[in-house]
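Asker: Following this line is start.tsv, made up of TSV, C-alpha atoms:
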chain	number	residue	atom	x	y	z
A	1	MET	CA	98.84	154.97	157.57
A	2	ILE	CA	99.91	156.40	154.26
A	3	SER	CA	102.89	155.18	152.29
A	4	LEU	CA	106.00	157.21	151.57
A	5	ALA	CA	104.86	157.72	147.96
A	6	GLU	CA	101.46	159.00	149.12
A	7	TYR	CA	103.14	161.31	151.64
A	8	THR	CA	105.49	162.64	148.95
A	9	GLN	CA	102.50	163.20	146.67
A	10	LEU	CA	100.60	165.00	149.45
A	11	LYS	CA	103.53	167.33	150.09
A	12	ALA	CA	104.02	168.04	146.38
A	13	PHE	CA	100.39	169.01	145.80
A	14	ALA	CA	100.30	170.98	149.05
A	15	ARG	CA	103.44	172.85	147.98
A	16	GLN	CA	101.84	173.79	144.66
A	17	ASP	CA	98.62	174.92	146.29
A	18	GLY	CA	100.56	176.71	149.04
A	19	PHE	CA	102.43	178.65	146.38
A	20	PHE	CA	99.21	179.85	144.76
A	21	ILE	CA	97.52	180.62	148.08
A	22	GLY	CA	100.69	182.50	149.07
A	23	LEU	CA	100.43	184.57	145.90
A	24	LEU	CA	96.79	185.32	146.70
A	25	TRP	CA	97.82	186.44	150.20
A	26	VAL	CA	100.60	188.63	148.76
A	27	PHE	CA	98.04	190.23	146.43
A	28	THR	CA	95.73	190.77	149.42
A	29	PHE	CA	98.59	192.31	151.43
A	30	ALA	CA	99.49	194.56	148.49
A	31	CYS	CA	95.87	195.74	148.27
A	32	PHE	CA	95.89	196.46	152.00
A	33	VAL	CA	99.08	198.51	151.77
A	34	GLY	CA	97.88	200.24	148.61
A	35	SER	CA	94.54	201.06	150.19
A	36	MET	CA	96.32	203.52	152.49
A	37	SER	CA	96.75	205.86	149.53
A	38	GLU	CA	94.12	204.48	147.13
A	39	PRO	CA	90.95	203.52	149.09
A	40	GLY	CA	89.50	201.60	146.13
A	41	LEU	CA	92.05	198.86	146.74
A	42	GLN	CA	90.22	197.93	149.95
A	43	ILE	CA	87.91	195.91	147.72
A	44	GLY	CA	90.86	193.72	146.71
A	45	PHE	CA	91.93	193.35	150.34
A	46	ILE	CA	88.47	192.44	151.59
A	47	SER	CA	87.86	190.11	148.65
A	48	GLY	CA	91.16	188.33	149.26
A	49	VAL	CA	90.37	187.81	152.93
A	50	ILE	CA	86.87	186.51	152.20
A	51	VAL	CA	87.72	184.28	149.24
A	52	SER	CA	90.84	182.61	150.74
A	53	PRO	CA	89.05	179.97	152.85
A	54	PHE	CA	86.83	179.04	149.91
A	55	ILE	CA	89.79	178.62	147.56
A	56	ILE	CA	91.68	176.60	150.17
A	57	TYR	CA	88.65	174.33	150.60
A	58	TYR	CA	88.28	174.03	146.84
A	59	ARG	CA	91.92	172.93	146.57
A	60	LEU	CA	91.40	170.32	149.31
A	61	LYS	CA	88.31	169.06	147.48
A	62	HIS	CA	90.26	168.94	144.21
A	63	TYR	CA	93.07	166.97	145.87
A	64	ARG	CA	90.56	164.61	147.49
A	65	ASP	CA	88.38	163.99	144.42
A	66	LYS	CA	90.76	164.26	141.46
A	67	ILE	CA	94.12	163.18	142.87
A	68	ILE	CA	93.48	160.52	145.51
A	69	GLY	CA	90.19	159.07	144.34
A	70	GLY	CA	87.45	160.72	146.39
A	71	ALA	CA	88.23	159.64	149.95
A	72	ILE	CA	90.40	161.38	152.53
A	73	SER	CA	90.67	160.98	156.28
A	74	PHE	CA	90.54	163.94	158.64
A	75	LYS	CA	94.25	163.51	159.49
A	76	ARG	CA	95.31	163.39	155.87
A	77	ALA	CA	93.13	166.40	154.99
A	78	PHE	CA	94.56	168.32	157.93
A	79	ALA	CA	98.14	167.38	156.95
A	80	PHE	CA	97.49	168.57	153.39
A	81	LEU	CA	96.01	171.88	154.53
A	82	ALA	CA	98.69	172.42	157.19
A	83	TYR	CA	101.38	172.10	154.52
A	84	VAL	CA	99.45	174.49	152.27
A	85	VAL	CA	99.19	177.05	155.08
A	86	VAL	CA	102.87	176.75	156.07
A	87	ASP	CA	104.03	177.28	152.49
A	88	ALA	CA	101.63	180.18	151.91
A	89	SER	CA	102.68	181.79	155.22
A	90	ILE	CA	106.35	181.58	154.25
A	91	ILE	CA	105.64	183.27	150.92
A	92	LEU	CA	103.61	186.03	152.58
A	93	ALA	CA	106.26	186.59	155.25
A	94	ALA	CA	108.98	186.82	152.59
A	95	ALA	CA	106.92	189.34	150.60
A	96	THR	CA	106.23	191.33	153.77
A	97	PHE	CA	109.93	191.45	154.59
A	98	ILE	CA	110.86	192.49	151.06
A	99	TYR	CA	108.22	195.22	151.08
A	100	PHE	CA	109.17	196.74	154.44
A	101	TYR	CA	112.93	196.33	153.95
A	102	PHE	CA	113.36	197.44	150.33
A	103	LEU	CA	110.23	199.27	149.16
A	104	ASP	CA	108.38	200.99	151.98
A	105	HIS	CA	110.86	203.65	153.23
A	106	GLY	CA	108.35	204.74	155.91
A	107	GLN	CA	105.49	205.24	153.46
A	108	PHE	CA	103.14	202.79	155.23
A	109	MET	CA	103.70	204.44	158.60
A	110	SER	CA	103.23	207.90	157.11
A	111	SER	CA	99.93	206.88	155.47
A	112	LEU	CA	98.75	205.31	158.70
A	113	GLN	CA	99.57	208.45	160.67
A	114	GLN	CA	97.77	210.62	158.11
A	115	SER	CA	94.69	208.40	158.38
A	116	LEU	CA	94.73	208.53	162.16
A	117	ALA	CA	95.11	212.33	162.10
A	118	MET	CA	91.81	212.76	160.26
A	119	PRO	CA	89.23	214.40	162.55
A	120	GLU	CA	86.50	211.85	161.76
A	121	ILE	CA	88.81	208.96	162.67
A	122	GLN	CA	89.83	210.65	165.93
A	123	GLU	CA	86.16	211.32	166.71
A	124	THR	CA	85.35	207.65	166.12
A	125	PHE	CA	88.12	206.57	168.51
A	126	THR	CA	87.01	209.10	171.12
A	127	GLN	CA	83.40	207.89	170.91
A	128	ALA	CA	84.61	204.31	171.29
A	129	GLY	CA	86.51	205.30	174.45
A	130	VAL	CA	89.97	204.76	172.94
A	131	ASP	CA	92.72	206.95	174.36
A	132	LEU	CA	94.42	208.81	171.48
A	133	LYS	CA	97.66	209.05	173.48
A	134	GLU	CA	97.75	205.26	173.68
A	135	ILE	CA	97.38	205.07	169.91
A	136	ASP	CA	100.30	207.49	169.52
A	137	LYS	CA	102.38	205.28	171.81
A	138	GLN	CA	101.51	202.19	169.77
A	139	MET	CA	102.37	204.03	166.56
A	140	GLN	CA	105.80	204.92	167.99
A	141	ILE	CA	106.42	201.28	168.87
A	142	PHE	CA	105.33	200.12	165.41
A	143	SER	CA	107.51	202.71	163.69
A	144	GLN	CA	110.56	201.27	165.47
A	145	THR	CA	109.76	197.66	164.54
A	146	ARG	CA	112.28	196.04	162.22
A	147	PRO	CA	111.10	194.55	158.90
A	148	ILE	CA	112.19	191.06	159.98
A	149	ASP	CA	110.02	191.36	163.09
A	150	ILE	CA	107.03	192.46	161.03
A	151	ALA	CA	107.60	189.54	158.65
A	152	PHE	CA	107.90	187.06	161.53
A	153	SER	CA	104.72	188.44	163.08
A	154	MET	CA	102.94	188.10	159.75
A	155	PHE	CA	104.21	184.51	159.42
A	156	PHE	CA	103.11	183.58	162.93
A	157	ASN	CA	99.68	185.21	162.62
A	158	THR	CA	98.87	183.62	159.26
A	159	LEU	CA	100.21	180.27	160.44
A	160	VAL	CA	98.10	180.20	163.60
A	161	SER	CA	94.92	181.43	161.92
A	162	GLY	CA	95.60	179.11	158.97
A	163	ILE	CA	96.01	176.06	161.22
A	164	ILE	CA	92.71	176.86	162.95
A	165	LEU	CA	91.08	177.27	159.54
A	166	SER	CA	92.68	173.99	158.43
A	167	LEU	CA	91.10	172.16	161.35
A	168	LEU	CA	87.66	173.43	160.38
A	169	LEU	CA	88.10	172.79	156.67
A	170	SER	CA	89.50	169.31	157.34
A	171	MET	CA	86.36	168.43	159.28
A	172	ILE	CA	84.20	169.65	156.42
A	173	GLY	CA	86.33	168.19	153.62
A	174	SER	CA	87.21	164.77	154.98
A	175	LYS	CA	85.37	161.93	153.34
A	176	VAL	CA	85.98	158.33	154.27
A	177	ARG	CA	85.16	155.59	151.80
A	178	VAL	CA	82.55	153.16	153.07
A	179	SER	CA	83.22	149.58	152.03
A	180	LYS	CA	80.26	147.52	150.81
A	181	SER	CA	80.21	143.96	152.07
Can you give me the file's structure in the form of structure tokens?

Answerer:
Amino acid sequence: MISLAEYTQLKAFARQDGFFIGLLWVFTFACFVGSMSEPGLQIGFISGVIVSPFIIYYRLKHYRDKIIGGAISFKRAFAFLAYVVVDASIILAAATFIYFYFLDHGQFMSSLQQSLAMPEIQETFTQAGVDLKEIDKQMQIFSQTRPIDIAFSMFFNTLVSGIILSLLLSMIGSKVRVSKS
């Protein structure tokens, strides 16, 4: 059982790390959106997706080794990472809402439709057995989705995947101190 001071410390460090992870996720999202018109930005998107778990683990390791003295239980590690993921997900959802509500003006949907209209993309879908009419239907549904719904979906998806990632990273990063008798 951790004390109130330790719990407050855990939340404070998790909030800081969640802020920076959230900024990384916003950068990754921006690269994804930008890659619709500038394909070179896909490198930023892919890099952000790949590097995120490693940075999150590094921050857990930093908290464990530098802040609390080198030992952390699985539950405490999971609590730390869960707070990080919640804070980062809130930041990403807020950025997603701001983008789609104030900045997008249908540009994302237009770029997506242009990409899907390319003959090579349609050929790929046809070869994969995907019905192009179904894609058109899904595009219509997405185009009618409100920015708040997109932001909530982004929040929920990053939260769920982040909690699963947190479970895995907590197993790897937990380190219990062995007492010598």

Asker: When you draw a straight line from atom CA of Phe45 of chain A to atom CA of Thr158 of chain A, how long is it in Å?

Answerer: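 Between atom CA of Phe45 of chain A and atom CA of Thr158 of chain A the gap is 14.9 Å.
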
Asker: Which residue, A:Ser170, A:Ser52, A:Ser47, A:Ser3, has the smallest gap to Asp17 of chain A when you use all atoms listed in the file?

Answerer: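 Among the listed residues, A:Ser52 lies closest to Asp17 of chain A.
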
Asker: Please, which residues are within 12 Å of (104.8, 189.0, 161.3) by the file's coordinates, counting only C-alpha atoms, and could they come as a PyMOL selection string?

Answerer: chain A and resi 89-97+100+142+145-160

Asker: Can you tell me which residues surround Leu165 of chain A at a distance of at most 10 Å, considering only C-alpha atoms, apart from same-chain residues fewer than 6 positions away, and format the answer as an MDAnalysis selection string?

Answerer: chainID A and resid 53 56:57 78 81:82 85 159

Asker: Those residues with C-alpha atoms, as a short mmCIF file (atom, residue, chain, number, x, y, z; two decimals), keeping the file's coordinate frame please?

Answerer:
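To be explicit, this is the file written out as out-v2.cif:
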data_model
loop_
_atom_site.label_atom_id
_atom_site.label_comp_id
_atom_site.auth_asym_id
_atom_site.auth_seq_id
_atom_site.Cartn_x
_atom_site.Cartn_y
_atom_site.Cartn_z
CA PRO A 53 89.05 179.97 152.85
CA ILE A 56 91.68 176.60 150.17
CA TYR A 57 88.65 174.33 150.60
CA PHE A 78 94.56 168.32 157.93
CA LEU A 81 96.01 171.88 154.53
CA ALA A 82 98.69 172.42 157.19
CA VAL A 85 99.19 177.05 155.08
CA LEU A 159 100.21 180.27 160.44
#

Asker: Please list as a PDB file with C-alpha atoms, in the frame of the given file every residue within 10 Å of segment 30-37 of chain A, counting only C-alpha atoms and excluding residues in the same chain fewer than 3 positions away.

Answerer:
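Written out: selection_22.pdb:
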ATOM      1  CA  LEU A  24      96.790 185.320 146.700  1.00  0.00           C
ATOM      2  CA  TRP A  25      97.820 186.440 150.200  1.00  0.00           C
ATOM      3  CA  VAL A  26     100.600 188.630 148.760  1.00  0.00           C
ATOM      4  CA  PHE A  27      98.040 190.230 146.430  1.00  0.00           C
ATOM      5  CA  GLY A  40      89.500 201.600 146.130  1.00  0.00           C
ATOM      6  CA  LEU A  41      92.050 198.860 146.740  1.00  0.00           C
ATOM      7  CA  GLN A  42      90.220 197.930 149.950  1.00  0.00           C
ATOM      8  CA  ILE A  43      87.910 195.910 147.720  1.00  0.00           C
ATOM      9  CA  GLY A  44      90.860 193.720 146.710  1.00  0.00           C
ATOM     10  CA  PHE A  45      91.930 193.350 150.340  1.00  0.00           C
ATOM     11  CA  ILE A  46      88.470 192.440 151.590  1.00  0.00           C
ATOM     12  CA  SER A  47      87.860 190.110 148.650  1.00  0.00           C
ATOM     13  CA  GLY A  48      91.160 188.330 149.260  1.00  0.00           C
ATOM     14  CA  ALA A  95     106.920 189.340 150.600  1.00  0.00           C
ATOM     15  CA  THR A  96     106.230 191.330 153.770  1.00  0.00           C
ATOM     16  CA  TYR A  99     108.220 195.220 151.080  1.00  0.00           C
ATOM     17  CA  ASP A 104     108.380 200.990 151.980  1.00  0.00           C
ATOM     18  CA  GLN A 107     105.490 205.240 153.460  1.00  0.00           C
ATOM     19  CA  PHE A 108     103.140 202.790 155.230  1.00  0.00           C
ATOM     20  CA  MET A 109     103.700 204.440 158.600  1.00  0.00           C
ATOM     21  CA  SER A 110     103.230 207.900 157.110  1.00  0.00           C
ATOM     22  CA  SER A 111      99.930 206.880 155.470  1.00  0.00           C
ATOM     23  CA  LEU A 112      98.750 205.310 158.700  1.00  0.00           C
ATOM     24  CA  GLN A 114      97.770 210.620 158.110  1.00  0.00           C
ATOM     25  CA  SER A 115      94.690 208.400 158.380  1.00  0.00           C
TER      26      SER A 115
END

Asker: Interatomic distance between atom CA of Val84 of chain A and atom CA of Arg15 of chain A?

Answerer: 6.1 Å

Asker: Hey, which of A:Ser166, A:Ile68, A:Arg59, A:Ile2 ends up closest to Ala14 of chain A? Count all atoms listed in the file.

Answerer: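 With all atoms listed in the file as the atom set, the closest residue is A:Arg59.
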
Asker: Using only C-alpha atoms, pick whichever of A:Thr126, A:Gln138, A:Ser161, A:Gln16 has the shortest atom-to-atom distance to Gln113 of chain A.

Answerer: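 Using only C-alpha atoms, Gln113 of chain A sits closest to A:Gln138.
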
Asker: Would you mind completing segment 144-168 of chain A to N, CA and C atoms and writing the output as a compact mmCIF listing (two decimals), keeping the file's coordinate frame?

Answerer:
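Here's the written file out34.txt:
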# COMPACT_ATOMS: atom_id res chain seq x y z
N GLN A 144 109.21 201.72 165.13
CA GLN A 144 110.56 201.27 165.47
C GLN A 144 110.75 199.77 165.24
N THR A 145 109.70 199.10 164.78
CA THR A 145 109.76 197.66 164.54
C THR A 145 110.56 197.37 163.27
N ARG A 146 111.46 196.40 163.37
CA ARG A 146 112.28 196.04 162.22
C ARG A 146 111.48 195.23 161.20
N PRO A 147 111.82 195.32 159.93
CA PRO A 147 111.10 194.55 158.90
C PRO A 147 111.07 193.04 159.16
N ILE A 148 112.16 192.50 159.70
CA ILE A 148 112.19 191.06 159.98
C ILE A 148 111.19 190.71 161.07
N ASP A 149 111.00 191.60 162.03
CA ASP A 149 110.02 191.36 163.09
C ASP A 149 108.59 191.43 162.56
N ILE A 150 108.35 192.36 161.65
CA ILE A 150 107.03 192.46 161.03
C ILE A 150 106.76 191.19 160.21
N ALA A 151 107.75 190.74 159.47
CA ALA A 151 107.60 189.54 158.65
C ALA A 151 107.36 188.31 159.53
N PHE A 152 108.10 188.20 160.63
CA PHE A 152 107.90 187.06 161.53
C PHE A 152 106.51 187.11 162.14
N SER A 153 106.07 188.30 162.52
CA SER A 153 104.72 188.44 163.08
C SER A 153 103.67 188.05 162.05
N MET A 154 103.86 188.47 160.82
CA MET A 154 102.94 188.10 159.75
C MET A 154 102.93 186.59 159.56
N PHE A 155 104.11 185.97 159.56
CA PHE A 155 104.21 184.51 159.42
C PHE A 155 103.46 183.81 160.55
N PHE A 156 103.73 184.22 161.77
CA PHE A 156 103.11 183.58 162.93
C PHE A 156 101.59 183.75 162.91
N ASN A 157 101.12 184.96 162.63
CA ASN A 157 99.68 185.21 162.62
C ASN A 157 98.96 184.42 161.54
N THR A 158 99.53 184.38 160.33
CA THR A 158 98.87 183.62 159.26
C THR A 158 98.97 182.13 159.52
N LEU A 159 100.06 181.69 160.13
CA LEU A 159 100.21 180.27 160.44
C LEU A 159 99.18 179.83 161.48
N VAL A 160 99.05 180.57 162.56
CA VAL A 160 98.10 180.20 163.60
C VAL A 160 96.66 180.24 163.09
N SER A 161 96.29 181.35 162.43
CA SER A 161 94.92 181.43 161.92
C SER A 161 94.69 180.39 160.82
N GLY A 162 95.72 180.12 160.03
CA GLY A 162 95.60 179.11 158.97
C GLY A 162 95.45 177.70 159.51
N ILE A 163 96.13 177.39 160.61
CA ILE A 163 96.01 176.06 161.22
C ILE A 163 94.60 175.89 161.81
N ILE A 164 94.09 176.93 162.43
CA ILE A 164 92.71 176.86 162.95
C ILE A 164 91.73 176.67 161.80
N LEU A 165 91.91 177.43 160.72
CA LEU A 165 91.08 177.27 159.54
C LEU A 165 91.22 175.87 158.96
N SER A 166 92.43 175.34 158.96
CA SER A 166 92.68 173.99 158.43
C SER A 166 91.93 172.94 159.22
N LEU A 167 91.87 173.11 160.53
CA LEU A 167 91.10 172.16 161.35
C LEU A 167 89.64 172.15 160.93
N LEU A 168 89.08 173.34 160.77
CA LEU A 168 87.66 173.43 160.38
C LEU A 168 87.43 172.87 158.98
